[in-house]
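The data block below is my_file36.cif; it holds mmCIF, N, CA and C atoms.
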```
data_work
loop_
_atom_site.label_atom_id
_atom_site.label_comp_id
_atom_site.auth_asym_id
_atom_site.auth_seq_id
_atom_site.Cartn_x
_atom_site.Cartn_y
_atom_site.Cartn_z
N MET A 23 -3.46 12.15 4.12
CA MET A 23 -4.02 10.90 3.65
C MET A 23 -2.97 10.10 2.87
N GLU A 24 -2.16 10.81 2.08
CA GLU A 24 -1.13 10.13 1.30
C GLU A 24 -0.16 9.36 2.20
N GLU A 25 0.25 10.00 3.30
CA GLU A 25 1.16 9.34 4.23
C GLU A 25 0.50 8.11 4.86
N ALA A 26 -0.79 8.19 5.14
CA ALA A 26 -1.51 7.07 5.75
C ALA A 26 -1.58 5.88 4.79
N ILE A 27 -1.93 6.11 3.55
CA ILE A 27 -2.01 5.03 2.57
C ILE A 27 -0.62 4.41 2.36
N THR A 28 0.39 5.27 2.25
CA THR A 28 1.76 4.77 2.10
C THR A 28 2.15 3.90 3.29
N SER A 29 1.83 4.35 4.49
CA SER A 29 2.15 3.60 5.70
C SER A 29 1.47 2.23 5.71
N LEU A 30 0.21 2.18 5.32
CA LEU A 30 -0.51 0.91 5.28
C LEU A 30 0.13 -0.06 4.28
N LEU A 31 0.49 0.46 3.12
CA LEU A 31 1.09 -0.40 2.10
C LEU A 31 2.48 -0.88 2.50
N LEU A 32 3.30 0.04 3.02
CA LEU A 32 4.65 -0.35 3.44
C LEU A 32 4.62 -1.27 4.66
N GLY A 33 3.57 -1.15 5.46
CA GLY A 33 3.44 -1.98 6.65
C GLY A 33 2.87 -3.36 6.38
N SER A 34 2.48 -3.62 5.17
CA SER A 34 1.92 -4.93 4.82
C SER A 34 3.06 -5.88 4.45
N PRO A 35 3.22 -6.98 5.19
CA PRO A 35 4.26 -7.95 4.84
C PRO A 35 4.10 -8.49 3.41
N ALA A 36 2.87 -8.70 2.96
CA ALA A 36 2.66 -9.23 1.61
C ALA A 36 3.11 -8.24 0.54
N VAL A 37 2.77 -6.96 0.73
CA VAL A 37 3.20 -5.93 -0.23
C VAL A 37 4.72 -5.79 -0.18
N ALA A 38 5.29 -5.74 1.03
CA ALA A 38 6.73 -5.56 1.19
C ALA A 38 7.52 -6.71 0.57
N THR A 39 6.99 -7.92 0.66
CA THR A 39 7.66 -9.08 0.07
C THR A 39 7.78 -8.93 -1.45
N ILE A 40 6.77 -8.34 -2.06
CA ILE A 40 6.76 -8.21 -3.52
C ILE A 40 7.41 -6.91 -3.99
N ALA A 41 7.06 -5.79 -3.37
CA ALA A 41 7.49 -4.49 -3.86
C ALA A 41 8.55 -3.81 -2.99
N GLY A 42 8.87 -4.40 -1.84
CA GLY A 42 9.84 -3.74 -0.96
C GLY A 42 9.31 -2.39 -0.54
N ASP A 43 10.13 -1.36 -0.69
CA ASP A 43 9.70 0.00 -0.33
C ASP A 43 9.39 0.84 -1.57
N ARG A 44 9.15 0.17 -2.69
CA ARG A 44 8.92 0.88 -3.95
C ARG A 44 7.45 1.30 -4.07
N VAL A 45 7.10 2.31 -3.27
CA VAL A 45 5.76 2.92 -3.27
C VAL A 45 5.99 4.40 -3.51
N ASN A 46 5.46 4.92 -4.60
CA ASN A 46 5.74 6.30 -4.97
C ASN A 46 4.46 7.00 -5.41
N TRP A 47 4.31 8.25 -5.00
CA TRP A 47 3.16 9.05 -5.41
C TRP A 47 3.49 9.85 -6.67
N SER A 48 2.53 9.95 -7.56
CA SER A 48 2.52 10.79 -8.75
C SER A 48 3.26 10.23 -9.95
N ALA A 49 4.45 9.68 -9.78
CA ALA A 49 5.18 9.16 -10.94
C ALA A 49 6.12 8.05 -10.51
N ARG A 50 6.34 7.13 -11.42
CA ARG A 50 7.29 6.06 -11.17
C ARG A 50 8.63 6.52 -11.73
N PRO A 51 9.63 6.68 -10.88
CA PRO A 51 10.94 7.10 -11.39
C PRO A 51 11.45 6.13 -12.45
N ASP A 52 12.19 6.66 -13.42
CA ASP A 52 12.69 5.84 -14.52
C ASP A 52 13.54 4.67 -14.03
N ASP A 53 14.28 4.87 -12.95
CA ASP A 53 15.18 3.82 -12.47
C ASP A 53 14.53 2.92 -11.42
N PHE A 54 13.21 3.01 -11.28
CA PHE A 54 12.50 2.20 -10.29
C PHE A 54 12.56 0.74 -10.68
N GLU A 55 12.96 -0.11 -9.77
CA GLU A 55 12.93 -1.54 -9.97
C GLU A 55 11.49 -2.01 -9.87
N LEU A 56 11.15 -3.04 -10.60
CA LEU A 56 9.80 -3.59 -10.57
C LEU A 56 9.82 -4.98 -9.95
N PRO A 57 8.74 -5.40 -9.33
CA PRO A 57 7.44 -4.78 -9.17
C PRO A 57 7.49 -3.55 -8.26
N ALA A 58 6.54 -2.64 -8.49
CA ALA A 58 6.46 -1.40 -7.74
C ALA A 58 5.04 -0.85 -7.81
N LEU A 59 4.77 0.13 -6.94
CA LEU A 59 3.47 0.79 -6.90
C LEU A 59 3.63 2.27 -7.19
N THR A 60 2.70 2.83 -7.95
CA THR A 60 2.56 4.28 -8.04
C THR A 60 1.12 4.62 -7.68
N LEU A 61 0.97 5.74 -6.99
CA LEU A 61 -0.35 6.17 -6.53
C LEU A 61 -0.60 7.60 -6.98
N HIS A 62 -1.85 7.89 -7.27
CA HIS A 62 -2.26 9.22 -7.72
C HIS A 62 -3.58 9.57 -7.05
N ARG A 63 -3.64 10.75 -6.45
CA ARG A 63 -4.93 11.24 -5.95
C ARG A 63 -5.63 11.87 -7.14
N VAL A 64 -6.68 11.21 -7.60
CA VAL A 64 -7.39 11.62 -8.80
C VAL A 64 -8.36 12.75 -8.50
N SER A 65 -9.01 12.67 -7.34
CA SER A 65 -9.97 13.72 -6.97
C SER A 65 -10.17 13.70 -5.47
N GLY A 66 -10.76 14.77 -4.99
CA GLY A 66 -11.09 14.87 -3.58
C GLY A 66 -12.26 15.82 -3.39
N ARG A 67 -13.11 15.49 -2.45
CA ARG A 67 -14.27 16.35 -2.16
C ARG A 67 -14.41 16.49 -0.65
N ARG A 68 -14.42 17.74 -0.20
CA ARG A 68 -14.61 18.01 1.22
C ARG A 68 -16.10 18.03 1.54
N ASP A 69 -16.46 17.26 2.55
CA ASP A 69 -17.85 17.18 2.98
C ASP A 69 -18.23 18.50 3.66
N ARG A 70 -19.49 18.88 3.51
CA ARG A 70 -19.94 20.14 4.11
C ARG A 70 -21.43 20.06 4.45
N THR A 71 -21.80 20.93 5.35
CA THR A 71 -23.20 21.11 5.71
C THR A 71 -23.50 22.59 5.53
N LEU A 72 -24.69 23.01 5.85
CA LEU A 72 -25.01 24.44 5.77
C LEU A 72 -24.19 25.25 6.76
N GLU A 73 -23.69 24.61 7.80
CA GLU A 73 -22.87 25.30 8.80
C GLU A 73 -21.40 25.38 8.40
N GLY A 74 -21.00 24.67 7.36
CA GLY A 74 -19.60 24.70 6.92
C GLY A 74 -19.04 23.30 6.74
N ARG A 75 -17.73 23.22 6.61
CA ARG A 75 -17.06 21.94 6.41
C ARG A 75 -17.16 21.06 7.64
N THR A 76 -17.29 19.74 7.39
CA THR A 76 -17.38 18.79 8.49
C THR A 76 -16.01 18.24 8.89
N GLY A 77 -15.01 18.43 8.04
CA GLY A 77 -13.68 17.87 8.29
C GLY A 77 -13.47 16.53 7.63
N LEU A 78 -14.51 16.00 6.99
CA LEU A 78 -14.41 14.71 6.31
C LEU A 78 -14.15 14.95 4.83
N VAL A 79 -13.24 14.16 4.26
CA VAL A 79 -12.88 14.27 2.85
C VAL A 79 -13.05 12.91 2.19
N SER A 80 -13.57 12.92 0.97
CA SER A 80 -13.64 11.71 0.16
C SER A 80 -12.65 11.88 -0.98
N SER A 81 -11.62 11.05 -1.00
CA SER A 81 -10.60 11.11 -2.04
C SER A 81 -10.65 9.86 -2.90
N THR A 82 -10.48 10.03 -4.19
CA THR A 82 -10.32 8.91 -5.09
C THR A 82 -8.83 8.77 -5.39
N VAL A 83 -8.31 7.57 -5.17
CA VAL A 83 -6.89 7.31 -5.37
C VAL A 83 -6.75 6.17 -6.37
N GLN A 84 -5.88 6.37 -7.34
CA GLN A 84 -5.54 5.33 -8.31
C GLN A 84 -4.24 4.68 -7.88
N ILE A 85 -4.25 3.37 -7.74
CA ILE A 85 -3.05 2.62 -7.37
C ILE A 85 -2.67 1.77 -8.57
N ASP A 86 -1.47 2.00 -9.10
CA ASP A 86 -0.97 1.20 -10.21
C ASP A 86 0.06 0.21 -9.70
N CYS A 87 -0.21 -1.06 -9.94
CA CYS A 87 0.68 -2.15 -9.53
C CYS A 87 1.46 -2.58 -10.78
N TRP A 88 2.75 -2.25 -10.82
CA TRP A 88 3.58 -2.47 -11.99
C TRP A 88 4.41 -3.74 -11.87
N GLY A 89 4.60 -4.42 -12.99
CA GLY A 89 5.46 -5.60 -13.03
C GLY A 89 5.99 -5.83 -14.43
N LEU A 90 7.03 -6.65 -14.52
CA LEU A 90 7.60 -7.00 -15.82
C LEU A 90 6.80 -8.12 -16.49
N SER A 91 5.86 -8.69 -15.74
CA SER A 91 4.96 -9.70 -16.30
C SER A 91 3.56 -9.45 -15.75
N PHE A 92 2.58 -10.02 -16.42
CA PHE A 92 1.20 -9.92 -15.93
C PHE A 92 1.10 -10.53 -14.54
N LYS A 93 1.77 -11.65 -14.35
CA LYS A 93 1.73 -12.35 -13.06
C LYS A 93 2.26 -11.46 -11.94
N ASP A 94 3.40 -10.78 -12.17
CA ASP A 94 3.97 -9.90 -11.15
C ASP A 94 3.01 -8.78 -10.76
N ALA A 95 2.42 -8.14 -11.77
CA ALA A 95 1.48 -7.04 -11.50
C ALA A 95 0.25 -7.55 -10.75
N LYS A 96 -0.25 -8.70 -11.16
CA LYS A 96 -1.47 -9.25 -10.55
C LYS A 96 -1.21 -9.70 -9.11
N LEU A 97 -0.07 -10.35 -8.86
CA LEU A 97 0.26 -10.77 -7.50
C LEU A 97 0.38 -9.57 -6.57
N LEU A 98 0.98 -8.49 -7.07
CA LEU A 98 1.10 -7.28 -6.26
C LEU A 98 -0.28 -6.70 -5.96
N SER A 99 -1.14 -6.66 -6.96
CA SER A 99 -2.50 -6.13 -6.72
C SER A 99 -3.25 -6.97 -5.70
N ARG A 100 -3.02 -8.27 -5.73
CA ARG A 100 -3.69 -9.16 -4.77
C ARG A 100 -3.15 -8.98 -3.36
N ALA A 101 -1.94 -8.43 -3.23
CA ALA A 101 -1.38 -8.11 -1.91
C ALA A 101 -1.87 -6.74 -1.43
N VAL A 102 -2.11 -5.82 -2.36
CA VAL A 102 -2.53 -4.46 -2.01
C VAL A 102 -3.92 -4.44 -1.39
N VAL A 103 -4.86 -5.14 -1.99
CA VAL A 103 -6.26 -5.06 -1.55
C VAL A 103 -6.43 -5.37 -0.06
N PRO A 104 -5.91 -6.48 0.45
CA PRO A 104 -6.10 -6.74 1.89
C PRO A 104 -5.28 -5.81 2.80
N ALA A 105 -4.32 -5.09 2.25
CA ALA A 105 -3.53 -4.15 3.05
C ALA A 105 -4.30 -2.88 3.37
N LEU A 106 -5.42 -2.68 2.69
CA LEU A 106 -6.23 -1.47 2.85
C LEU A 106 -7.49 -1.81 3.64
N PRO A 107 -7.54 -1.45 4.92
CA PRO A 107 -8.69 -1.84 5.76
C PRO A 107 -9.98 -1.16 5.32
N HIS A 108 -11.04 -1.94 5.35
CA HIS A 108 -12.36 -1.43 4.97
C HIS A 108 -12.94 -0.53 6.06
N GLY A 109 -12.64 -0.86 7.30
CA GLY A 109 -13.20 -0.12 8.43
C GLY A 109 -12.31 1.02 8.91
N ARG A 110 -12.78 1.70 9.91
CA ARG A 110 -12.08 2.86 10.48
C ARG A 110 -10.73 2.44 11.06
N THR A 111 -9.70 3.22 10.75
CA THR A 111 -8.37 2.97 11.28
C THR A 111 -7.60 4.29 11.32
N VAL A 112 -6.51 4.30 12.06
CA VAL A 112 -5.62 5.45 12.09
C VAL A 112 -4.27 4.99 11.59
N ALA A 113 -3.72 5.72 10.63
CA ALA A 113 -2.40 5.40 10.08
C ALA A 113 -1.65 6.70 9.85
N ALA A 114 -0.41 6.72 10.28
CA ALA A 114 0.45 7.90 10.11
C ALA A 114 -0.23 9.17 10.63
N GLY A 115 -0.99 9.02 11.72
CA GLY A 115 -1.65 10.17 12.33
C GLY A 115 -2.91 10.65 11.64
N THR A 116 -3.37 9.94 10.62
CA THR A 116 -4.57 10.33 9.88
C THR A 116 -5.70 9.35 10.18
N VAL A 117 -6.87 9.89 10.48
CA VAL A 117 -8.04 9.05 10.70
C VAL A 117 -8.64 8.70 9.34
N LEU A 118 -8.66 7.40 9.06
CA LEU A 118 -9.27 6.90 7.83
C LEU A 118 -10.60 6.26 8.23
N GLU A 119 -11.68 6.82 7.75
CA GLU A 119 -13.01 6.32 8.09
C GLU A 119 -13.36 5.06 7.31
N GLY A 120 -12.77 4.90 6.14
CA GLY A 120 -13.02 3.71 5.34
C GLY A 120 -12.30 3.79 4.02
N ILE A 121 -11.90 2.63 3.50
CA ILE A 121 -11.27 2.54 2.19
C ILE A 121 -12.08 1.52 1.40
N PHE A 122 -12.53 1.91 0.22
CA PHE A 122 -13.42 1.08 -0.57
C PHE A 122 -12.82 0.86 -1.96
N ILE A 123 -12.73 -0.38 -2.38
CA ILE A 123 -12.25 -0.71 -3.72
C ILE A 123 -13.39 -0.41 -4.69
N GLU A 124 -13.14 0.49 -5.63
CA GLU A 124 -14.18 0.90 -6.58
C GLU A 124 -14.09 0.13 -7.90
N SER A 125 -12.86 -0.08 -8.39
CA SER A 125 -12.70 -0.80 -9.66
C SER A 125 -11.27 -1.31 -9.78
N GLU A 126 -11.10 -2.23 -10.73
CA GLU A 126 -9.79 -2.83 -10.98
C GLU A 126 -9.71 -3.17 -12.46
N SER A 127 -8.55 -2.91 -13.07
CA SER A 127 -8.38 -3.24 -14.48
C SER A 127 -6.92 -3.57 -14.76
N ASP A 128 -6.69 -4.29 -15.85
CA ASP A 128 -5.34 -4.70 -16.24
C ASP A 128 -5.00 -4.10 -17.60
N THR A 129 -3.77 -3.59 -17.72
CA THR A 129 -3.30 -3.05 -18.99
C THR A 129 -1.82 -3.35 -19.17
N VAL A 130 -1.35 -3.03 -20.36
CA VAL A 130 0.06 -3.21 -20.68
C VAL A 130 0.56 -1.91 -21.31
N ASP A 131 1.73 -1.45 -20.88
CA ASP A 131 2.36 -0.24 -21.42
C ASP A 131 3.46 -0.71 -22.37
N ARG A 132 3.29 -0.42 -23.65
CA ARG A 132 4.24 -0.86 -24.66
C ARG A 132 5.08 0.31 -25.17
N THR A 133 5.31 1.32 -24.33
CA THR A 133 6.14 2.46 -24.72
C THR A 133 7.51 1.98 -25.19
N ASP A 134 8.08 1.03 -24.46
CA ASP A 134 9.33 0.40 -24.87
C ASP A 134 8.99 -0.98 -25.41
N PRO A 135 9.03 -1.15 -26.75
CA PRO A 135 8.63 -2.44 -27.32
C PRO A 135 9.53 -3.60 -26.89
N GLN A 136 10.74 -3.29 -26.45
CA GLN A 136 11.65 -4.33 -25.98
C GLN A 136 11.27 -4.85 -24.59
N GLN A 137 10.59 -4.00 -23.81
CA GLN A 137 10.23 -4.39 -22.44
C GLN A 137 8.86 -3.82 -22.08
N PRO A 138 7.79 -4.51 -22.43
CA PRO A 138 6.46 -4.03 -22.03
C PRO A 138 6.34 -4.08 -20.51
N LEU A 139 5.59 -3.13 -19.97
CA LEU A 139 5.33 -3.08 -18.53
C LEU A 139 3.86 -3.39 -18.31
N PHE A 140 3.60 -4.31 -17.42
CA PHE A 140 2.24 -4.72 -17.11
C PHE A 140 1.79 -4.00 -15.85
N HIS A 141 0.53 -3.63 -15.82
CA HIS A 141 0.04 -3.08 -14.57
C HIS A 141 -1.44 -3.33 -14.37
N THR A 142 -1.73 -3.49 -13.09
CA THR A 142 -3.11 -3.61 -12.65
C THR A 142 -3.44 -2.32 -11.92
N ARG A 143 -4.51 -1.69 -12.34
CA ARG A 143 -4.95 -0.42 -11.75
C ARG A 143 -6.09 -0.72 -10.79
N ILE A 144 -5.94 -0.20 -9.58
CA ILE A 144 -6.98 -0.32 -8.55
C ILE A 144 -7.42 1.09 -8.18
N ASP A 145 -8.70 1.38 -8.34
CA ASP A 145 -9.24 2.67 -7.93
C ASP A 145 -9.92 2.48 -6.58
N ILE A 146 -9.54 3.33 -5.63
CA ILE A 146 -10.13 3.25 -4.30
C ILE A 146 -10.75 4.59 -3.91
N SER A 147 -11.74 4.51 -3.05
CA SER A 147 -12.33 5.69 -2.44
C SER A 147 -11.89 5.68 -0.98
N VAL A 148 -11.31 6.77 -0.53
CA VAL A 148 -10.80 6.87 0.83
C VAL A 148 -11.56 7.99 1.54
N TRP A 149 -12.27 7.64 2.60
CA TRP A 149 -12.92 8.63 3.44
C TRP A 149 -11.98 8.90 4.62
N HIS A 150 -11.58 10.16 4.76
CA HIS A 150 -10.59 10.49 5.80
C HIS A 150 -10.86 11.88 6.37
N GLN A 151 -10.31 12.10 7.55
CA GLN A 151 -10.40 13.41 8.18
C GLN A 151 -9.36 14.35 7.57
N GLU A 152 -9.72 15.62 7.43
CA GLU A 152 -8.76 16.61 6.94
C GLU A 152 -7.57 16.65 7.89
N ALA A 153 -6.40 16.90 7.34
CA ALA A 153 -5.17 16.90 8.12
C ALA A 153 -5.17 17.99 9.18
N ASN A 154 -5.82 19.09 8.94
CA ASN A 154 -5.76 20.22 9.88
C ASN A 154 -6.94 20.26 10.86
N THR A 155 -7.73 19.18 10.97
CA THR A 155 -8.84 19.19 11.92
C THR A 155 -8.52 18.37 13.13
#
```
With the file now loaded, output its structure as structure tokens.
Amino acid sequence: MEEAITSLLLGSPAVATIAGDRVNWSARPDDFELPALTLHRVSGRRDRTLEGRTGLVSSTVQIDCWGLSFKDAKLLSRAVVPALPHGRTVAAGTVLEGIFIESESDTVDRTDPQQPLFHTRIDISVWHQEANT
């Protein structure tokens, strides 16, 4: 699923115009140029019936759109949303049954008081087939 989401984002001309290839899972490297994206799989649940697993997984993914200004972070978030299809699609060999925007919020990271980092967080629900089915 991670490869599929990455492929969709990197394949979006709007995202690529703003963030280039700066899409990273789990952590933003210290030397990452901004604007950039970081993604985290927050949770996942495998669907099942009394007969066993169905092969369908529901994953919650957090997408952080980082920028040196509020405008940069917000413009990137506005490019990310349409890059994620609502309906069934196949990307990077993974069947995605649907991607749903669950929430969005804006924050500022003031760890470095000389250079605050702005980010818009987008939480999505991704319904996808297990990789081994």
Quiz item: Can you tell me how far CA of Val79 in chain A sits from CA of Ala26 in chain A, in Å to one decimal?
Solution: 13.8 Å
Exercise. Tell me which residues the PyMOL selection byres (((chain A and resi 35-49 and name CA) around 9) and name CA) grabs here, as number ranges by chain.
Key: A: 24, 28, 31-34, 50-52, 54-63, 94, 97-102, 105
Quiz item: Could you spell out the hits of the PyMOL selection byres ((chain A and resi 83) around 7) on the shown file, as a ChimeraX atom specification?
Solution: /A:61-65,81-82,84-85,144-148
Given 8 Å on each side, where is the centre and what are the edge lengths in Å to one decimal of the axis-aligned box enclosing the listed atoms of range 40-50 of chain A, as lines of an AutoDock Vina configuration file?
```
center_x = 6.3
center_y = 1.2
center_z = -6.0
size_x = 23.6
size_y = 35.1
size_z = 27.4
```
Quiz prompt | Output check: residues returned by the PyMOL selection byres (((chain A and resi 118-131 and name CA) around 8) and name CA), as a list in words | solution =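 Applied to this file, the PyMOL selection byres (((chain A and resi 118-131 and name CA) around 8) and name CA) selects Met23, Val103, Leu106, Pro107, His108, Gly109, Arg110, Thr111, Val112, Ala113, Thr116, Val117, Arg132, Thr133, Asp134, Pro138, Leu139, Phe140, His141, Thr142, Arg143, Ile144, Asp145, Ile146, Ser147, Val148, Trp149, His150 and Gln151 of chain A.
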Practice problem: Name the residues of chain A that fall into strand (DSSP E) according to DSSP on the backbone, using the chain letters and numbers of this document, as a PyMOL selection string. | Solution: chain A and resi 45-47+58-71+74-89+111-113+116-131+139-151
Quiz item: In Å, how far is it from CA of Gly66 in chain A to CA of Ala95 in chain A?
Solution: 26.5 Å
Exercise. Would you work out the distance separating CA of Leu90 in chain A from atom N of Asp53 in chain A, expressed in Å to one decimal?
Key: 13.9 Å
Quiz item: Skipping near chain neighbours, those fewer than 5 positions away, what residues fall within 8 Å of Gly77 in chain A using all atoms listed in the file, listed as a PyMOL selection string?
Solution: chain A and resi 68-71+150-155
Quiz item: Got a sec to tell me which of range 89-134 of chain A DSSP assigns to alpha helix (DSSP H), as a ChimeraX atom specification?
Solution: /A:92-105
